[in-house]
Every structure is written in C-alpha cells, then in structure tokens.
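What follows is start-v8.cif (mmCIF, C-alpha atoms).
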data_query
loop_
_atom_site.label_atom_id
_atom_site.label_comp_id
_atom_site.auth_asym_id
_atom_site.auth_seq_id
_atom_site.Cartn_x
_atom_site.Cartn_y
_atom_site.Cartn_z
CA ASP D 1 -10.80 -16.15 -14.23
CA THR D 2 -9.28 -12.82 -13.29
CA ALA D 3 -6.34 -11.95 -15.53
CA VAL D 4 -4.66 -9.31 -13.35
CA SER D 5 -5.66 -9.20 -9.71
CA GLN D 6 -4.72 -6.84 -6.91
CA THR D 7 -5.13 -6.96 -3.16
CA PRO D 8 -6.44 -5.19 -1.28
CA LYS D 9 -9.08 -3.33 -3.26
CA TYR D 10 -9.36 -0.60 -0.63
CA LEU D 11 -6.75 0.55 1.87
CA VAL D 12 -7.38 3.20 4.50
CA THR D 13 -4.49 3.98 6.80
CA GLN D 14 -2.86 6.64 8.94
CA MET D 15 0.04 8.87 7.93
CA GLY D 16 3.38 7.35 8.79
CA ASN D 17 2.25 3.74 8.45
CA ASP D 18 3.84 1.19 6.11
CA LYS D 19 1.63 -0.77 3.72
CA SER D 20 1.90 -3.23 0.83
CA ILE D 21 -0.17 -3.86 -2.27
CA LYS D 22 0.03 -7.17 -4.09
CA CYS D 23 -0.47 -7.93 -7.77
CA GLU D 24 -0.71 -11.22 -9.60
CA GLN D 25 -1.27 -12.00 -13.27
CA ASN D 26 -2.21 -15.37 -14.76
CA LEU D 27 -1.70 -14.35 -18.39
CA GLY D 28 1.85 -15.67 -18.66
CA HIS D 29 3.13 -12.16 -19.40
CA ASP D 30 6.76 -11.19 -18.95
CA THR D 31 6.32 -7.54 -18.04
CA MET D 32 4.46 -5.95 -15.14
CA TYR D 33 3.90 -2.32 -14.20
CA TRP D 34 2.75 -0.09 -11.35
CA TYR D 35 0.80 3.08 -12.14
CA LYS D 36 -0.54 5.82 -9.88
CA GLN D 37 -3.78 7.60 -10.79
CA ASP D 38 -4.40 10.75 -8.79
CA SER D 39 -7.66 12.51 -7.99
CA LYS D 40 -7.52 14.36 -11.32
CA LYS D 41 -7.35 11.00 -13.14
CA PHE D 42 -3.75 11.58 -14.22
CA LEU D 43 -2.26 8.14 -14.87
CA LYS D 44 1.49 7.97 -14.35
CA ILE D 45 3.86 5.04 -14.61
CA MET D 46 5.95 4.33 -11.52
CA PHE D 47 7.82 1.08 -12.14
CA SER D 48 8.09 -1.74 -14.62
CA TYR D 49 9.63 -5.21 -14.31
CA ASN D 50 10.48 -7.61 -17.09
CA ASN D 51 11.07 -11.17 -15.96
CA LYS D 52 11.77 -10.00 -12.40
CA GLU D 53 14.23 -7.34 -13.58
CA LEU D 54 13.50 -3.65 -12.94
CA ILE D 55 13.43 -1.82 -16.28
CA ILE D 56 11.49 1.38 -15.59
CA ASN D 57 11.99 3.36 -12.43
CA GLU D 58 10.40 6.77 -12.70
CA THR D 59 11.00 9.67 -10.34
CA VAL D 60 9.26 8.14 -7.39
CA PRO D 61 10.16 8.75 -3.72
CA ASN D 62 12.33 5.95 -2.38
CA ARG D 63 9.60 5.27 0.18
CA PHE D 64 8.08 3.23 -2.65
CA SER D 65 9.78 -0.11 -3.25
CA PRO D 66 8.58 -2.64 -5.78
CA LYS D 67 9.43 -6.32 -5.54
CA SER D 68 8.91 -9.07 -8.09
CA PRO D 69 9.39 -12.53 -6.55
CA ASP D 70 8.56 -14.16 -9.90
CA LYS D 71 7.28 -12.95 -13.25
CA ALA D 72 3.65 -13.49 -12.26
CA HIS D 73 3.82 -11.27 -9.17
CA LEU D 74 4.70 -7.65 -8.55
CA ASN D 75 4.24 -6.11 -5.13
CA LEU D 76 4.50 -2.50 -4.01
CA HIS D 77 5.62 -1.58 -0.52
CA ILE D 78 5.16 1.97 0.72
CA ASN D 79 6.96 3.24 3.82
CA SER D 80 6.00 6.23 5.94
CA LEU D 81 2.80 6.97 4.09
CA GLU D 82 1.97 10.62 3.39
CA LEU D 83 -1.31 12.36 2.58
CA GLY D 84 -0.14 12.87 -1.02
CA ASP D 85 0.13 9.12 -1.51
CA SER D 86 -3.66 8.90 -1.56
CA ALA D 87 -4.56 7.69 -5.05
CA VAL D 88 -5.61 4.64 -7.01
CA TYR D 89 -2.71 2.30 -7.74
CA PHE D 90 -3.02 0.11 -10.80
CA CYS D 91 -0.98 -2.91 -11.64
CA ALA D 92 -0.71 -3.90 -15.31
CA SER D 93 0.98 -6.59 -17.36
CA SER D 94 1.98 -7.03 -21.00
CA PRO D 95 3.27 -9.96 -23.04
CA VAL D 96 6.79 -10.37 -24.42
CA ALA D 97 7.93 -6.89 -25.25
CA VAL D 98 8.06 -5.94 -28.89
CA TRP D 99 8.53 -2.23 -29.39
CA GLY D 100 5.23 -0.45 -29.74
CA GLN D 101 3.12 -3.56 -29.35
CA GLU D 102 2.92 -3.95 -25.61
CA THR D 103 -0.81 -4.11 -24.96
CA GLN D 104 -1.15 -3.51 -21.26
CA TYR D 105 -3.82 -5.27 -19.21
CA PHE D 106 -4.75 -3.44 -16.05
CA GLY D 107 -5.79 -4.83 -12.71
CA PRO D 108 -8.90 -3.48 -10.90
CA GLY D 109 -6.89 -0.98 -8.85
CA THR D 110 -6.22 -0.42 -5.14
CA ARG D 111 -7.79 2.69 -3.68
CA LEU D 112 -5.43 4.04 -1.04
CA LEU D 113 -6.59 6.72 1.37
CA VAL D 114 -4.09 8.15 3.83
CA LEU D 115 -5.61 10.01 6.79
CA GLN P 19 6.34 15.26 -21.29
CA GLN P 20 2.64 14.51 -21.15
CA PRO P 21 0.70 14.45 -24.46
CA VAL P 22 -2.22 16.85 -24.69
CA GLN P 23 -5.70 15.60 -25.43
CA SER P 24 -8.57 17.62 -26.84
CA PRO P 25 -11.32 18.21 -26.15
CA GLN P 26 -11.33 17.74 -22.37
CA ALA P 27 -14.95 16.62 -22.44
CA VAL P 28 -17.57 15.67 -25.00
CA ILE P 29 -21.31 15.18 -24.59
CA LEU P 30 -23.15 13.24 -27.28
CA ARG P 31 -26.53 11.75 -27.99
CA GLU P 32 -26.65 8.11 -29.04
CA GLY P 33 -25.80 7.75 -32.70
CA GLU P 34 -23.63 10.87 -32.91
CA ASP P 35 -19.95 10.88 -33.82
CA ALA P 36 -16.94 12.23 -31.95
CA VAL P 37 -13.22 12.76 -32.50
CA ILE P 38 -10.64 12.85 -29.72
CA ASN P 39 -7.19 14.19 -30.48
CA CYS P 40 -3.84 13.50 -28.88
CA SER P 41 -0.77 15.67 -29.55
CA SER P 42 2.79 15.25 -28.44
CA SER P 43 5.78 17.56 -28.52
CA LYS P 44 8.12 14.56 -28.86
CA ALA P 45 8.74 12.20 -31.78
CA LEU P 46 6.62 9.13 -31.22
CA TYR P 47 7.02 5.45 -31.96
CA SER P 48 3.51 4.43 -31.06
CA VAL P 49 0.24 5.66 -29.64
CA HIS P 50 -1.99 3.51 -27.44
CA TRP P 51 -5.65 4.24 -26.72
CA TYR P 52 -7.49 3.14 -23.56
CA ARG P 53 -10.97 3.68 -22.19
CA GLN P 54 -11.71 3.84 -18.47
CA LYS P 55 -15.20 3.68 -17.03
CA HIS P 56 -15.89 5.24 -13.65
CA GLY P 57 -14.42 3.18 -10.82
CA GLU P 58 -12.90 0.64 -13.19
CA ALA P 59 -9.52 -0.11 -14.73
CA PRO P 60 -8.39 1.30 -18.09
CA VAL P 61 -9.18 -1.10 -20.94
CA PHE P 62 -7.07 -1.36 -24.06
CA LEU P 63 -8.65 -0.23 -27.35
CA MET P 64 -5.84 -0.18 -29.90
CA ILE P 65 -2.18 0.53 -30.68
CA LEU P 66 -0.97 2.55 -33.64
CA LEU P 67 2.61 2.32 -34.78
CA LYS P 68 4.49 4.94 -36.75
CA GLY P 69 3.66 4.71 -40.41
CA GLY P 70 0.42 6.69 -40.57
CA GLU P 71 -1.70 3.60 -40.15
CA GLN P 72 -5.33 3.63 -39.28
CA LYS P 73 -6.88 0.90 -37.19
CA GLY P 74 -10.43 -0.08 -36.42
CA HIS P 75 -12.19 -1.67 -33.50
CA GLU P 76 -15.96 -2.10 -33.98
CA LYS P 77 -17.15 1.44 -34.63
CA ILE P 78 -14.07 2.95 -33.05
CA SER P 79 -11.06 3.68 -35.24
CA ALA P 80 -7.92 5.75 -34.96
CA SER P 81 -5.19 7.31 -37.04
CA PHE P 82 -1.59 8.28 -36.31
CA ASN P 83 0.27 11.02 -38.12
CA GLU P 84 3.88 10.60 -37.00
CA LYS P 85 5.06 13.76 -38.76
CA LYS P 86 2.63 15.87 -36.80
CA GLN P 87 3.09 13.69 -33.71
CA GLN P 88 -0.67 13.43 -33.46
CA SER P 89 -3.25 10.71 -33.16
CA SER P 90 -7.01 10.91 -33.44
CA LEU P 91 -9.64 8.51 -32.13
CA TYR P 92 -12.89 8.36 -34.10
CA LEU P 93 -16.10 7.14 -32.48
CA THR P 94 -18.95 6.70 -34.91
CA ALA P 95 -22.62 6.07 -34.21
CA SER P 96 -21.93 6.31 -30.49
CA GLN P 97 -23.58 3.95 -28.04
CA LEU P 98 -24.30 4.39 -24.34
CA SER P 99 -21.51 1.91 -23.63
CA TYR P 100 -18.96 4.31 -25.14
CA SER P 101 -19.25 6.62 -22.13
CA GLY P 102 -16.05 6.87 -20.12
CA THR P 103 -12.70 8.60 -20.04
CA TYR P 104 -10.44 8.05 -23.03
CA PHE P 105 -6.69 8.17 -22.61
CA CYS P 106 -3.95 8.21 -25.17
CA GLY P 107 -0.61 6.79 -24.10
CA THR P 108 2.44 7.67 -26.11
CA GLU P 109 5.70 5.79 -26.50
CA LYS P 110 8.65 7.94 -27.42
CA ALA P 111 10.76 7.19 -30.48
CA GLY P 112 14.26 6.14 -29.47
CA GLY P 113 13.22 5.56 -25.90
CA THR P 114 15.28 3.20 -23.77
CA SER P 115 12.43 1.42 -22.07
CA TYR P 116 9.80 -0.40 -24.04
CA GLY P 117 6.31 -0.23 -22.65
CA LYS P 118 6.94 3.15 -21.05
CA LEU P 119 3.71 4.96 -21.79
CA THR P 120 3.10 8.59 -21.00
CA PHE P 121 -0.62 9.19 -20.75
CA GLY P 122 -2.60 12.28 -21.68
CA GLN P 123 -4.91 13.95 -19.19
CA GLY P 124 -7.94 12.10 -20.54
CA THR P 125 -11.12 13.08 -22.43
CA ILE P 126 -14.44 12.49 -20.69
CA LEU P 127 -17.05 11.21 -23.14
CA THR P 128 -20.70 11.11 -22.07
CA VAL P 129 -23.33 9.55 -24.30
CA HIS P 130 -26.98 10.29 -23.53
CA PRO P 131 -30.01 8.36 -24.83
#

Can you give me the file's structure in the form of structure tokens?
Amino acid sequence: DTAVSQTPKYLVTQMGNDKSIKCEQNLGHDTMYWYKQDSKKFLKIMFSYNNKELIINETVPNRFSPKSPDKAHLNLHINSLELGDSAVYFCASSPVAVWGQETQYFGPGTRLLVL
Amino acid sequence: QQPVQSPQAVILREGEDAVINCSSSKALYSVHWYRQKHGEAPVFLMILLKGGEQKGHEKISASFNEKKQQSSLYLTASQLSYSGTYFCGTEKAGGTSYGKLTFGQGTILTVHP
C-alpha cells in the first residue's frame, strides 16, 4: 500500500491557468508538508500543516494556497500559473512532532510543466 | 540559509568509500540525511541530534559535530544501489517550527561496477 500518494503524477498546462495537486497519507501522521524541487534539484519547503493547522508558511507567492481538509490530506492550489512554477512538487508527512525526530516520508512527486 | 554540501559530485567504483559533508552557518538542532534516485522521491536515511552522536544504517553512517555545525555521511564498501543524490536537511536550533528542514544543494554519487 502506498504510504504517501499524490495526484496527478504529471501536469502540463498553459500559463495563467489554475491547477490543484492532491496529497494523501495513510500512515496516521499528524504533520504534512509541501516542497518544491526546481530544475537544479534544490528542494525547498513551502508549507507545513499539523493536524489541519498551518505551521510553516515560507515566502511563497500568494498564488499558492494549501488546504488540509483533514490530517490525512493536504492539497495545493495554484492560481495564475507562471513559467517559473514549473518544478516537481513533493508532498511529505511525519509522525507526531518531537523536535529533531520528524522523519519525513515523501510522496512520488507531481511534475508540473507550465507552457 | 541553505547548508553547503561538499563535494558536489563523487564517482566511485563498487567497494570504494566516500564521505559527504554538510556545513551550516547557523547553530543546528538536528541534521537529516536523505537519498534521492533519479525520478524518484527523497528517501530518509537517518537523523542526527545535537550531542555529537554517530548513527549507522547498513554500511552508511553519519556524524554530527554541533560545535562546528557540520555533519558527515560515510558510505563504506559502496554498492551500485548507493547511486543517487544525497541531501542533508538541517533544523535550526531555537527554531519556531519543528520539522522545518533547510536542504543543501545535494551531492551526486555515482557508483560504477
């Protein structure tokens, strides 16, 4: 069984469109994350939710809006897509947070290409 | 601020050893190591907490020197399966958000037969 799943796996779209990526984890974890990995493989945290509450909100354009309907799901909605949004977006989850011990389990990634 | 990894790339033959270093300019609480194979998700290897501990995972081990704000990942008797990009993720001491990892730029490890 897949621990952290994301849909879709690939997303090709035009500039200016709005799109969503969905993430689900069946590990019973309390914390979920969104990361962006650019073409140079730089992996940067965007958001984190703990039990549906936003706890990390990095300097990300407000075109990006995360939503956590329950602690097993974290979705990412992107408005007015730009060329620079092209990247691989990873969802991750970790168990109950204890400082320094939050092993993060990553989903397979969503490859977004904006044309 | 992003930690700095060195070297940027390593090429090995099976059975050889390698060391990957991760340095931060900030005081750290923990260092996390991940490996990512091409086209796949990062996979957790180990966490090191402040205290200078060394951890092991099969033939892969790591150390954390909190005074120097450095961690090193040791790969011994490398196997073909070790190939991939290795990332260190650092968690700042005194940070306000647990789980907030800042990743290094990655070290590409290639193991040849």

What are the closest atom pairs, with distances in Å to one decimal, for all residues of chain P lying within 10 Å of chain D? Consider all atoms listed in the file, order rows by chain and residue number, and present the result as a tab-separated table.
residue	atom	partner	partner_atom	distance
P:Gln20	CA	D:Lys44	CA	9.5
P:Leu46	CA	D:Gly100	CA	9.8
P:Tyr47	CA	D:Gly100	CA	6.6
P:Ser48	CA	D:Gly100	CA	5.3
P:Val49	CA	D:Gly100	CA	7.9
P:His50	CA	D:Thr103	CA	8.1
P:Trp51	CA	D:Thr103	CA	9.8
P:Tyr52	CA	D:Gln104	CA	9.5
P:Gln54	CA	D:Lys41	CA	9.9
P:Gly57	CA	D:Pro108	CA	8.7
P:Glu58	CA	D:Pro108	CA	6.2
P:Ala59	CA	D:Pro108	CA	5.1
P:Pro60	CA	D:Phe106	CA	6.3
P:Val61	CA	D:Phe106	CA	7.0
P:Phe62	CA	D:Gln104	CA	6.9
P:Leu63	CA	D:Thr103	CA	9.1
P:Met64	CA	D:Thr103	CA	8.1
P:Ile65	CA	D:Gln101	CA	6.8
P:Leu66	CA	D:Gly100	CA	7.9
P:Leu67	CA	D:Gly100	CA	6.3
P:Lys68	CA	D:Gly100	CA	8.9
P:Thr103	CA	D:Lys41	CA	9.1
P:Phe105	CA	D:Leu43	CA	8.9
P:Gly107	CA	D:Leu43	CA	9.5
P:Thr108	CA	D:Gly100	CA	9.3
P:Glu109	CA	D:Gly100	CA	7.0
P:Lys110	CA	D:Gly100	CA	9.4
P:Ala111	CA	D:Gly100	CA	9.5
P:Gly113	CA	D:Trp99	CA	9.7
P:Thr114	CA	D:Ile56	CA	9.2
P:Ser115	CA	D:Ile56	CA	6.5
P:Tyr116	CA	D:Trp99	CA	5.8
P:Gly117	CA	D:Glu102	CA	5.8
P:Lys118	CA	D:Ile56	CA	7.3
P:Leu119	CA	D:Ile45	CA	7.2
P:Thr120	CA	D:Lys44	CA	6.9
P:Phe121	CA	D:Leu43	CA	6.2
P:Gly122	CA	D:Phe42	CA	7.6
P:Gln123	CA	D:Phe42	CA	5.6
P:Gly124	CA	D:Lys41	CA	7.5

Exercise for review: Taking the file as shown, find all residues satisfying the PyMOL selection byres ((chain P and resi 28-30) around 9) and write them as a PyMOL selection string.
Suggested key: chain P and resi 25-27+31-36+38+96+125-131

Residues picked by the PyMOL selection byres ((chain D and resi 27) around 10) here, as a PDB file with C-alpha atoms, in the frame of the given file?
ATOM      1  CA  THR D   2      -9.280 -12.820 -13.290  1.00  0.00           C
ATOM      2  CA  ALA D   3      -6.340 -11.950 -15.530  1.00  0.00           C
ATOM      3  CA  VAL D   4      -4.660  -9.310 -13.350  1.00  0.00           C
ATOM      4  CA  GLU D  24      -0.710 -11.220  -9.600  1.00  0.00           C
ATOM      5  CA  GLN D  25      -1.270 -12.000 -13.270  1.00  0.00           C
ATOM      6  CA  ASN D  26      -2.210 -15.370 -14.760  1.00  0.00           C
ATOM      7  CA  GLY D  28       1.850 -15.670 -18.660  1.00  0.00           C
ATOM      8  CA  HIS D  29       3.130 -12.160 -19.400  1.00  0.00           C
ATOM      9  CA  ASP D  30       6.760 -11.190 -18.950  1.00  0.00           C
ATOM     10  CA  ALA D  72       3.650 -13.490 -12.260  1.00  0.00           C
ATOM     11  CA  SER D  93       0.980  -6.590 -17.360  1.00  0.00           C
ATOM     12  CA  SER D  94       1.980  -7.030 -21.000  1.00  0.00           C
ATOM     13  CA  PRO D  95       3.270  -9.960 -23.040  1.00  0.00           C
ATOM     14  CA  TYR D 105      -3.820  -5.270 -19.210  1.00  0.00           C
TER      15      TYR D 105
END

Need the axis-aligned box for segment 99-103 of chain P with 6 Å each side, so what are the centre and edges in Å to one decimal, as JSON?
{"center_x": -17.1, "center_y": 5.3, "center_z": -22.6, "size_x": 20.8, "size_y": 18.7, "size_z": 17.1}

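Here atom CA of Ile21 of chain D stands at a distance of 8.4 Å from atom CA of Ile78 of chain D.
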
Practice item. Calculate how many Å separate atom CA of Thr13 of chain D from atom CA of Leu115 of chain D, rounding to one decimal. Key: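 Going from atom CA of Thr13 of chain D over to atom CA of Leu115 of chain D covers 6.1 Å.
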
Review point. Which polymer residues have any atom within 10 Å of an atom of Ser90 of chain P, counting all atoms listed in the file, with same-chain residues fewer than 2 positions away left out, as a list in words?
Key: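 The neighbour list is Gln23, Ser24, Val37, Ile38, Asn39, Cys40, Ser41, Val49, Trp51, Gln72, Ser79, Ala80, Ser81, Phe82, Asn83, Gln88, Tyr92, Leu93 and Cys106 of chain P.
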
On this structure, the PyMOL selection byres ((chain D and resi 114) around 12) would catch which residues? List them as an mmCIF file with C-alpha atoms, in the frame of the given file, sorted by chain and number.
data_model
loop_
_atom_site.group_PDB
_atom_site.id
_atom_site.type_symbol
_atom_site.label_atom_id
_atom_site.label_comp_id
_atom_site.auth_asym_id
_atom_site.auth_seq_id
_atom_site.Cartn_x
_atom_site.Cartn_y
_atom_site.Cartn_z
ATOM 1 C CA TYR D 10 -9.360 -0.600 -0.630
ATOM 2 C CA LEU D 11 -6.750 0.550 1.870
ATOM 3 C CA VAL D 12 -7.380 3.200 4.500
ATOM 4 C CA THR D 13 -4.490 3.980 6.800
ATOM 5 C CA GLN D 14 -2.860 6.640 8.940
ATOM 6 C CA MET D 15 0.040 8.870 7.930
ATOM 7 C CA GLY D 16 3.380 7.350 8.790
ATOM 8 C CA ASN D 17 2.250 3.740 8.450
ATOM 9 C CA ASP D 18 3.840 1.190 6.110
ATOM 10 C CA LYS D 19 1.630 -0.770 3.720
ATOM 11 C CA ILE D 78 5.160 1.970 0.720
ATOM 12 C CA SER D 80 6.000 6.230 5.940
ATOM 13 C CA LEU D 81 2.800 6.970 4.090
ATOM 14 C CA GLU D 82 1.970 10.620 3.390
ATOM 15 C CA LEU D 83 -1.310 12.360 2.580
ATOM 16 C CA GLY D 84 -0.140 12.870 -1.020
ATOM 17 C CA ASP D 85 0.130 9.120 -1.510
ATOM 18 C CA SER D 86 -3.660 8.900 -1.560
ATOM 19 C CA ALA D 87 -4.560 7.690 -5.050
ATOM 20 C CA VAL D 88 -5.610 4.640 -7.010
ATOM 21 C CA ARG D 111 -7.790 2.690 -3.680
ATOM 22 C CA LEU D 112 -5.430 4.040 -1.040
ATOM 23 C CA LEU D 113 -6.590 6.720 1.370
ATOM 24 C CA LEU D 115 -5.610 10.010 6.790
#
